[in-house]
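query-v3.cif follows; it contains mmCIF, C-alpha atoms.
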data_model
#
loop_
_atom_site.group_PDB
_atom_site.id
_atom_site.type_symbol
_atom_site.label_atom_id
_atom_site.label_comp_id
_atom_site.auth_asym_id
_atom_site.auth_seq_id
_atom_site.Cartn_x
_atom_site.Cartn_y
_atom_site.Cartn_z
ATOM 1 C CA MET K 573 -14.448 4.383 -13.436
ATOM 2 C CA ALA K 574 -15.694 7.934 -13.030
ATOM 3 C CA ILE K 575 -13.573 10.700 -14.515
ATOM 4 C CA PRO K 576 -12.612 13.484 -12.103
ATOM 5 C CA ILE K 577 -12.506 17.003 -13.495
ATOM 6 C CA ARG K 578 -10.738 20.174 -12.452
ATOM 7 C CA GLY K 579 -13.451 22.756 -11.855
ATOM 8 C CA THR K 580 -11.493 25.751 -13.119
ATOM 9 C CA ASP K 581 -10.752 23.967 -16.412
ATOM 10 C CA ALA K 582 -14.407 23.056 -16.960
ATOM 11 C CA LEU K 583 -15.446 26.638 -16.358
ATOM 12 C CA ALA K 584 -12.663 28.097 -18.510
ATOM 13 C CA ASP K 585 -13.406 25.973 -21.576
ATOM 14 C CA GLY K 586 -17.154 26.466 -21.254
ATOM 15 C CA SER K 587 -18.024 22.810 -20.815
ATOM 16 C CA LEU K 588 -19.807 23.670 -17.578
ATOM 17 C CA THR K 589 -21.341 26.767 -16.054
ATOM 18 C CA ALA K 590 -20.805 27.663 -12.438
ATOM 19 C CA GLY K 591 -24.372 26.559 -11.707
ATOM 20 C CA GLN K 592 -23.936 23.219 -13.442
ATOM 21 C CA LEU K 593 -20.696 22.580 -11.582
ATOM 22 C CA ARG K 594 -22.337 23.418 -8.280
ATOM 23 C CA HIS K 595 -25.506 21.371 -8.800
ATOM 24 C CA ARG K 596 -24.228 18.378 -10.758
ATOM 25 C CA PHE K 597 -20.820 17.755 -9.221
ATOM 26 C CA ALA K 598 -19.335 17.206 -5.764
ATOM 27 C CA PRO K 599 -15.757 17.932 -4.705
ATOM 28 C CA VAL K 600 -13.360 15.060 -4.121
ATOM 29 C CA PHE K 601 -10.436 17.296 -3.261
ATOM 30 C CA ARG K 602 -10.106 21.057 -3.351
ATOM 31 C CA GLY K 603 -11.095 22.131 -6.886
ATOM 32 C CA ILE K 604 -11.474 18.548 -8.181
ATOM 33 C CA TYR K 605 -14.944 17.134 -8.802
ATOM 34 C CA LEU K 606 -16.890 13.971 -9.600
ATOM 35 C CA PRO K 607 -20.561 13.702 -10.608
ATOM 36 C CA LYS K 608 -22.890 13.832 -7.627
ATOM 37 C CA GLY K 609 -24.036 10.424 -6.484
ATOM 38 C CA CYS K 610 -20.804 8.806 -7.635
ATOM 39 C CA ARG K 611 -19.059 6.806 -4.947
ATOM 40 C CA PRO K 612 -15.374 7.256 -5.808
ATOM 41 C CA THR K 613 -13.120 4.240 -5.981
ATOM 42 C CA LEU K 614 -9.543 4.438 -4.793
ATOM 43 C CA HIS K 615 -8.411 4.773 -8.393
ATOM 44 C CA ASP K 616 -10.847 7.669 -8.922
ATOM 45 C CA ARG K 617 -9.355 9.389 -5.888
ATOM 46 C CA ILE K 618 -5.795 8.736 -7.047
ATOM 47 C CA VAL K 619 -6.574 10.318 -10.428
ATOM 48 C CA ALA K 620 -8.245 13.220 -8.611
ATOM 49 C CA ALA K 621 -5.166 13.622 -6.406
ATOM 50 C CA ARG K 622 -2.981 13.835 -9.490
ATOM 51 C CA LEU K 623 -5.239 16.583 -10.869
ATOM 52 C CA ALA K 624 -5.028 18.424 -7.570
ATOM 53 C CA VAL K 625 -1.210 18.169 -7.424
ATOM 54 C CA PRO K 626 -0.051 17.498 -11.014
ATOM 55 C CA ARG K 627 3.672 17.105 -10.294
ATOM 56 C CA ALA K 628 3.291 14.829 -7.305
ATOM 57 C CA VAL K 629 4.119 11.127 -7.135
ATOM 58 C CA ILE K 630 1.695 8.681 -5.512
ATOM 59 C CA ALA K 631 3.200 6.992 -2.451
ATOM 60 C CA GLY K 632 2.253 4.965 0.617
ATOM 61 C CA ALA K 633 -0.787 2.695 0.757
ATOM 62 C CA ALA K 634 -2.243 4.148 -2.448
ATOM 63 C CA ALA K 635 1.009 3.329 -4.241
ATOM 64 C CA SER K 636 0.868 -0.235 -2.935
ATOM 65 C CA ALA K 637 -2.662 -0.547 -4.361
ATOM 66 C CA LEU K 638 -1.441 0.630 -7.769
ATOM 67 C CA HIS K 639 1.167 -2.127 -7.578
ATOM 68 C CA GLY K 640 -1.616 -4.627 -6.992
ATOM 69 C CA ALA K 641 -1.667 -4.937 -3.207
ATOM 70 C CA GLN K 642 -5.047 -5.879 -1.795
ATOM 71 C CA TRP K 643 -6.913 -4.702 1.306
ATOM 72 C CA VAL K 644 -6.485 -0.978 0.638
ATOM 73 C CA ASP K 645 -9.780 0.776 1.327
ATOM 74 C CA ASP K 646 -11.251 3.237 -1.172
ATOM 75 C CA ASP K 647 -11.194 6.017 1.436
ATOM 76 C CA VAL K 648 -7.576 5.571 2.543
ATOM 77 C CA THR K 649 -5.614 8.812 2.832
ATOM 78 C CA ILE K 650 -3.570 9.272 -0.326
ATOM 79 C CA ASP K 651 0.089 10.057 0.283
ATOM 80 C CA LEU K 652 1.808 12.249 -2.284
ATOM 81 C CA ILE K 653 5.467 13.083 -2.534
ATOM 82 C CA GLY K 654 5.229 16.724 -3.474
ATOM 83 C CA ARG K 655 4.012 20.033 -2.086
ATOM 84 C CA CYS K 656 0.320 19.977 -1.228
ATOM 85 C CA ARG K 657 -1.929 22.193 0.875
ATOM 86 C CA PRO K 658 -3.383 20.169 3.769
ATOM 87 C CA GLN K 659 -6.860 18.804 3.095
ATOM 88 C CA PRO K 660 -8.886 15.764 4.156
ATOM 89 C CA GLY K 661 -7.892 12.525 2.442
ATOM 90 C CA LEU K 662 -4.718 13.925 0.896
ATOM 91 C CA LYS K 663 -1.295 14.096 2.516
ATOM 92 C CA GLY K 664 1.565 15.875 0.793
ATOM 93 C CA ARG K 665 5.131 15.079 1.801
ATOM 94 C CA GLU K 666 8.083 17.200 0.705
ATOM 95 C CA GLU K 667 10.727 14.493 0.537
ATOM 96 C CA THR K 668 13.637 13.683 -1.736
ATOM 97 C CA LEU K 669 12.843 11.079 -4.368
ATOM 98 C CA GLY K 670 15.454 9.590 -6.692
ATOM 99 C CA ARG K 671 14.664 8.971 -10.338
ATOM 100 C CA ASP K 672 15.138 5.236 -9.856
ATOM 101 C CA GLU K 673 12.540 5.323 -7.068
ATOM 102 C CA VAL K 674 9.703 6.304 -9.409
ATOM 103 C CA MET K 675 7.910 4.313 -12.085
ATOM 104 C CA THR K 676 4.680 4.626 -14.058
ATOM 105 C CA VAL K 677 1.679 2.401 -13.390
ATOM 106 C CA ARG K 678 -1.487 2.921 -15.471
ATOM 107 C CA ASP K 679 -0.024 6.256 -16.650
ATOM 108 C CA ILE K 680 0.381 7.432 -13.046
ATOM 109 C CA PRO K 681 3.775 8.266 -11.473
ATOM 110 C CA VAL K 682 4.179 6.074 -8.413
ATOM 111 C CA THR K 683 6.964 5.086 -6.051
ATOM 112 C CA THR K 684 8.627 1.753 -6.884
ATOM 113 C CA PRO K 685 7.739 -1.260 -4.709
ATOM 114 C CA ALA K 686 10.990 -0.915 -2.746
ATOM 115 C CA ARG K 687 10.481 2.813 -2.135
ATOM 116 C CA THR K 688 6.821 2.178 -1.270
ATOM 117 C CA ALA K 689 7.892 -0.402 1.330
ATOM 118 C CA PHE K 690 10.522 2.029 2.632
ATOM 119 C CA ASP K 691 7.814 4.636 3.213
ATOM 120 C CA LEU K 692 5.244 2.248 4.678
ATOM 121 C CA GLY K 693 7.745 0.802 7.118
ATOM 122 C CA ARG K 694 8.732 4.262 8.365
ATOM 123 C CA ARG K 695 5.283 5.792 8.686
ATOM 124 C CA LEU K 696 3.174 3.047 10.222
ATOM 125 C CA LYS K 697 3.295 1.197 13.500
ATOM 126 C CA ARG K 698 5.037 -2.168 13.386
ATOM 127 C CA ILE K 699 2.109 -4.559 12.841
ATOM 128 C CA PRO K 700 0.149 -2.308 10.418
ATOM 129 C CA ALA K 701 3.403 -1.742 8.506
ATOM 130 C CA ILE K 702 4.071 -5.475 8.258
ATOM 131 C CA LYS K 703 0.499 -6.077 7.043
ATOM 132 C CA ARG K 704 0.886 -3.452 4.314
ATOM 133 C CA MET K 705 4.342 -4.639 3.281
ATOM 134 C CA ASP K 706 3.229 -8.288 3.245
ATOM 135 C CA ALA K 707 0.408 -7.373 0.846
ATOM 136 C CA LEU K 708 2.794 -5.372 -1.321
ATOM 137 C CA MET K 709 5.370 -8.170 -1.391
ATOM 138 C CA ASN K 710 2.635 -10.643 -2.356
ATOM 139 C CA ALA K 711 1.544 -8.496 -5.304
ATOM 140 C CA ALA K 712 4.826 -6.914 -6.418
ATOM 141 C CA PRO K 713 7.843 -8.729 -4.937
ATOM 142 C CA PHE K 714 10.690 -6.473 -3.889
ATOM 143 C CA ALA K 715 14.110 -7.175 -2.419
ATOM 144 C CA VAL K 716 14.491 -6.381 1.262
ATOM 145 C CA GLU K 717 18.089 -5.446 0.434
ATOM 146 C CA ASP K 718 16.802 -2.690 -1.872
ATOM 147 C CA VAL K 719 14.678 -1.298 0.937
ATOM 148 C CA MET K 720 17.585 -1.361 3.359
ATOM 149 C CA LEU K 721 19.804 0.339 0.787
ATOM 150 C CA LEU K 722 17.429 3.299 0.955
ATOM 151 C CA THR K 723 18.192 3.634 4.667
ATOM 152 C CA LYS K 724 21.771 4.408 3.626
ATOM 153 C CA VAL K 725 20.661 6.801 0.889
ATOM 154 C CA TYR K 726 18.434 8.646 3.393
ATOM 155 C CA PRO K 727 20.174 8.127 6.776
ATOM 156 C CA ARG K 728 18.286 11.023 8.387
ATOM 157 C CA ALA K 729 14.821 10.016 7.230
ATOM 158 C CA ARG K 730 12.207 9.763 9.956
ATOM 159 C CA GLY K 731 11.076 6.364 11.141
ATOM 160 C CA LEU K 732 14.150 4.306 10.226
ATOM 161 C CA VAL K 733 14.161 2.578 13.609
ATOM 162 C CA ASP K 734 10.582 1.407 13.011
ATOM 163 C CA LEU K 735 11.433 0.295 9.480
ATOM 164 C CA ARG K 736 14.457 -1.716 10.598
ATOM 165 C CA GLU K 737 12.325 -3.458 13.218
ATOM 166 C CA ALA K 738 9.533 -4.361 10.788
ATOM 167 C CA ILE K 739 11.280 -5.202 7.506
ATOM 168 C CA PRO K 740 12.912 -8.519 8.597
ATOM 169 C CA HIS K 741 9.435 -9.930 9.257
ATOM 170 C CA VAL K 742 7.918 -9.156 5.848
ATOM 171 C CA ASP K 743 6.584 -12.268 4.123
ATOM 172 C CA GLY K 744 4.810 -12.130 0.799
ATOM 173 C CA GLY K 745 3.248 -15.511 1.480
ATOM 174 C CA ALA K 746 0.638 -13.921 3.724
ATOM 175 C CA GLU K 747 -2.669 -13.859 1.881
ATOM 176 C CA SER K 748 -4.585 -11.579 4.229
ATOM 177 C CA PRO K 749 -3.888 -8.983 6.940
ATOM 178 C CA GLN K 750 -5.235 -11.493 9.459
ATOM 179 C CA GLU K 751 -2.599 -14.035 8.434
ATOM 180 C CA SER K 752 0.086 -11.389 8.890
ATOM 181 C CA TRP K 753 -1.288 -10.585 12.347
ATOM 182 C CA LEU K 754 -1.405 -14.248 13.385
ATOM 183 C CA ARG K 755 2.133 -14.920 12.134
ATOM 184 C CA MET K 756 3.460 -12.009 14.159
ATOM 185 C CA LEU K 757 1.493 -13.146 17.205
ATOM 186 C CA PHE K 758 3.438 -16.421 17.075
ATOM 187 C CA VAL K 759 6.777 -14.693 16.434
ATOM 188 C CA ASP K 760 6.263 -12.197 19.250
ATOM 189 C CA ALA K 761 5.437 -15.108 21.571
ATOM 190 C CA GLY K 762 8.922 -16.484 20.917
ATOM 191 C CA LEU K 763 8.250 -19.044 18.184
ATOM 192 C CA PRO K 764 10.503 -19.198 15.111
ATOM 193 C CA SER K 765 9.204 -17.601 11.929
ATOM 194 C CA PRO K 766 6.961 -20.100 10.127
ATOM 195 C CA THR K 767 7.009 -21.055 6.456
ATOM 196 C CA THR K 768 3.947 -19.588 4.748
ATOM 197 C CA GLN K 769 1.589 -21.234 2.235
ATOM 198 C CA PHE K 770 3.061 -24.688 2.767
ATOM 199 C CA VAL K 771 1.622 -27.489 0.638
ATOM 200 C CA VAL K 772 1.190 -30.856 2.365
ATOM 201 C CA TYR K 773 1.451 -34.087 0.351
ATOM 202 C CA THR K 774 1.235 -37.732 1.291
ATOM 203 C CA ALA K 775 4.371 -39.897 1.115
ATOM 204 C CA GLU K 776 3.120 -40.989 -2.312
ATOM 205 C CA GLY K 777 2.935 -37.392 -3.518
ATOM 206 C CA ARG K 778 -0.840 -36.924 -3.328
ATOM 207 C CA TYR K 779 -1.953 -33.366 -2.543
ATOM 208 C CA ILE K 780 -3.632 -32.988 0.847
ATOM 209 C CA LYS K 781 -3.830 -29.310 1.736
ATOM 210 C CA ARG K 782 -2.119 -25.949 1.658
ATOM 211 C CA LEU K 783 -1.619 -24.417 5.096
ATOM 212 C CA ASP K 784 -1.276 -20.719 5.925
ATOM 213 C CA MET K 785 1.880 -21.334 7.917
ATOM 214 C CA VAL K 786 3.870 -24.281 9.239
ATOM 215 C CA TRP K 787 6.853 -25.161 11.368
ATOM 216 C CA GLU K 788 8.042 -28.006 9.170
ATOM 217 C CA GLU K 789 10.642 -29.292 11.632
ATOM 218 C CA TYR K 790 7.929 -29.898 14.210
ATOM 219 C CA LYS K 791 5.202 -30.922 11.741
ATOM 220 C CA VAL K 792 2.897 -28.236 13.111
ATOM 221 C CA GLY K 793 0.678 -26.019 10.998
ATOM 222 C CA ALA K 794 -1.653 -23.095 11.719
ATOM 223 C CA GLU K 795 -4.364 -21.263 9.837
ATOM 224 C CA TYR K 796 -6.185 -18.059 10.587
ATOM 225 C CA ASP K 797 -9.511 -19.192 9.160
ATOM 226 C CA GLY K 798 -9.348 -22.614 7.552
ATOM 227 C CA GLU K 799 -10.702 -26.136 7.843
#

Show me this structure written as structure tokens.
Amino acid sequence: MAIPIRGTDALADGSLTAGQLRHRFAPVFRGIYLPKGCRPTLHDRIVAARLAVPRAVIAGAAASALHGAQWVDDDVTIDLIGRCRPQPGLKGREETLGRDEVMTVRDIPVTTPARTAFDLGRRLKRIPAIKRMDALMNAAPFAVEDVMLLTKVYPRARGLVDLREAIPHVDGGAESPQESWLRMLFVDAGLPSPTTQFVVYTAEGRYIKRLDMVWEEYKVGAEYDGE
């Protein structure tokens, strides 16, 4: 992992001259730099965001990645709960955040899984929100009841209608965004919600296969990309 630096600090302590900073480093965010030629990972950018806005808490998709969720691109916009001047790749949100809605992951303040799901479900369209929340649930299981409790704590928060529509469909059994998409394609077509990651055995108990999703009552299974 590369180590982002705050340009003003490097100049103040004499570790770099203005010329060295200009020629050897490239900005990640306003005033925050990485060595030129370094392709920043998402974690690099999260650390850089914390340097740019020291009192902020990481939220949204970046928070889900810190909790272990997969399929979060390195260049995703980083949501912060805190005051932040607008700039590319960084989105500050001045919102209320309870103490029990924040935890520390890898020494970084981040919204809890339930609060992260609450934010994702409000800010994204239905299917993208379900994909993100599925991935979060798979990596860091949270109680849907805890998410819904936040709708009572913040009854005037934006996007609650979208959240309430998406949250009943969250399933941590989905192992890819494509599986989430396919499951919702079936549900939106009028089928009942399937059971995910169902293991099929013979009558004698011999393992046959694990299927992405099944309707056990009808003995029907489906996979997004399987044998």

- Task: Determine the residue set returned by the PyMOL selection byres ((chain K and resi 688-703) around 9) for the present structure, and present it as a PyMOL selection string.
- Result: chain K and resi 631-633+635-636+673+682-687+704-709+714+716+719-720+722-723+729-739+741-743+746+748-753+756

- Message: To one decimal place in Å, what is the distance between CA of Thr768 (chain K) and CA of Gly745 (chain K)?
- Response: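 Going from CA of Thr768 (chain K) over to CA of Gly745 (chain K), I get 5.3 Å.
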
- Query: Looking at K:Gly640, K:Gly586, K:Gly744, K:Pro607, which one is nearest to Ala715 (chain K), with distances taken over only C-alpha atoms?
  - Reply: K:Gly744

Leaving out region 647-653 of chain K and any residue of its chain fewer than 2 positions from it, which residues lie within 12 Å of it when counting only C-alpha atoms, given as an mmCIF file with C-alpha atoms, in the frame of the given file?
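Saved result, selection35.cif, follows:
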data_model
loop_
_atom_site.group_PDB
_atom_site.id
_atom_site.type_symbol
_atom_site.label_atom_id
_atom_site.label_comp_id
_atom_site.auth_asym_id
_atom_site.auth_seq_id
_atom_site.Cartn_x
_atom_site.Cartn_y
_atom_site.Cartn_z
ATOM 1 C CA VAL K 600 -13.360 15.060 -4.121
ATOM 2 C CA PHE K 601 -10.436 17.296 -3.261
ATOM 3 C CA ARG K 611 -19.059 6.806 -4.947
ATOM 4 C CA PRO K 612 -15.374 7.256 -5.808
ATOM 5 C CA THR K 613 -13.120 4.240 -5.981
ATOM 6 C CA LEU K 614 -9.543 4.438 -4.793
ATOM 7 C CA HIS K 615 -8.411 4.773 -8.393
ATOM 8 C CA ASP K 616 -10.847 7.669 -8.922
ATOM 9 C CA ARG K 617 -9.355 9.389 -5.888
ATOM 10 C CA ILE K 618 -5.795 8.736 -7.047
ATOM 11 C CA VAL K 619 -6.574 10.318 -10.428
ATOM 12 C CA ALA K 620 -8.245 13.220 -8.611
ATOM 13 C CA ALA K 621 -5.166 13.622 -6.406
ATOM 14 C CA ARG K 622 -2.981 13.835 -9.490
ATOM 15 C CA LEU K 623 -5.239 16.583 -10.869
ATOM 16 C CA ALA K 624 -5.028 18.424 -7.570
ATOM 17 C CA VAL K 625 -1.210 18.169 -7.424
ATOM 18 C CA PRO K 626 -0.051 17.498 -11.014
ATOM 19 C CA ARG K 627 3.672 17.105 -10.294
ATOM 20 C CA ALA K 628 3.291 14.829 -7.305
ATOM 21 C CA VAL K 629 4.119 11.127 -7.135
ATOM 22 C CA ILE K 630 1.695 8.681 -5.512
ATOM 23 C CA ALA K 631 3.200 6.992 -2.451
ATOM 24 C CA GLY K 632 2.253 4.965 0.617
ATOM 25 C CA ALA K 633 -0.787 2.695 0.757
ATOM 26 C CA ALA K 634 -2.243 4.148 -2.448
ATOM 27 C CA ALA K 635 1.009 3.329 -4.241
ATOM 28 C CA SER K 636 0.868 -0.235 -2.935
ATOM 29 C CA ALA K 637 -2.662 -0.547 -4.361
ATOM 30 C CA LEU K 638 -1.441 0.630 -7.769
ATOM 31 C CA TRP K 643 -6.913 -4.702 1.306
ATOM 32 C CA VAL K 644 -6.485 -0.978 0.638
ATOM 33 C CA ASP K 645 -9.780 0.776 1.327
ATOM 34 C CA ARG K 655 4.012 20.033 -2.086
ATOM 35 C CA CYS K 656 0.320 19.977 -1.228
ATOM 36 C CA ARG K 657 -1.929 22.193 0.875
ATOM 37 C CA PRO K 658 -3.383 20.169 3.769
ATOM 38 C CA GLN K 659 -6.860 18.804 3.095
ATOM 39 C CA PRO K 660 -8.886 15.764 4.156
ATOM 40 C CA GLY K 661 -7.892 12.525 2.442
ATOM 41 C CA LEU K 662 -4.718 13.925 0.896
ATOM 42 C CA LYS K 663 -1.295 14.096 2.516
ATOM 43 C CA GLY K 664 1.565 15.875 0.793
ATOM 44 C CA ARG K 665 5.131 15.079 1.801
ATOM 45 C CA GLU K 666 8.083 17.200 0.705
ATOM 46 C CA GLU K 667 10.727 14.493 0.537
ATOM 47 C CA THR K 668 13.637 13.683 -1.736
ATOM 48 C CA LEU K 669 12.843 11.079 -4.368
ATOM 49 C CA GLY K 670 15.454 9.590 -6.692
ATOM 50 C CA GLU K 673 12.540 5.323 -7.068
ATOM 51 C CA VAL K 674 9.703 6.304 -9.409
ATOM 52 C CA ILE K 680 0.381 7.432 -13.046
ATOM 53 C CA PRO K 681 3.775 8.266 -11.473
ATOM 54 C CA VAL K 682 4.179 6.074 -8.413
ATOM 55 C CA THR K 683 6.964 5.086 -6.051
ATOM 56 C CA ARG K 687 10.481 2.813 -2.135
ATOM 57 C CA THR K 688 6.821 2.178 -1.270
ATOM 58 C CA ASP K 691 7.814 4.636 3.213
ATOM 59 C CA LEU K 692 5.244 2.248 4.678
ATOM 60 C CA ARG K 695 5.283 5.792 8.686
#

- Query: Between CA of Asp760 (chain K) and CA of Glu747 (chain K), what is the spacing in Å?
  - Reply: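 Pair CA of Glu747 (chain K) / CA of Asp760 (chain K) returns 19.6 Å.
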
- Message: I'd like the interatomic distance between CA of Gly603 (chain K) and CA of Asp679 (chain K), to a tenth of an Å.
- Response: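 We find that CA of Gly603 (chain K) and CA of Asp679 (chain K) lie 21.7 Å from each other.
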
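Residue nearest Val759 (chain K) within the list K:Asp797, K:Trp787, K:Ser587, K:Pro713: K:Trp787 [criterion: smallest interatomic distance, all atoms listed in the file].
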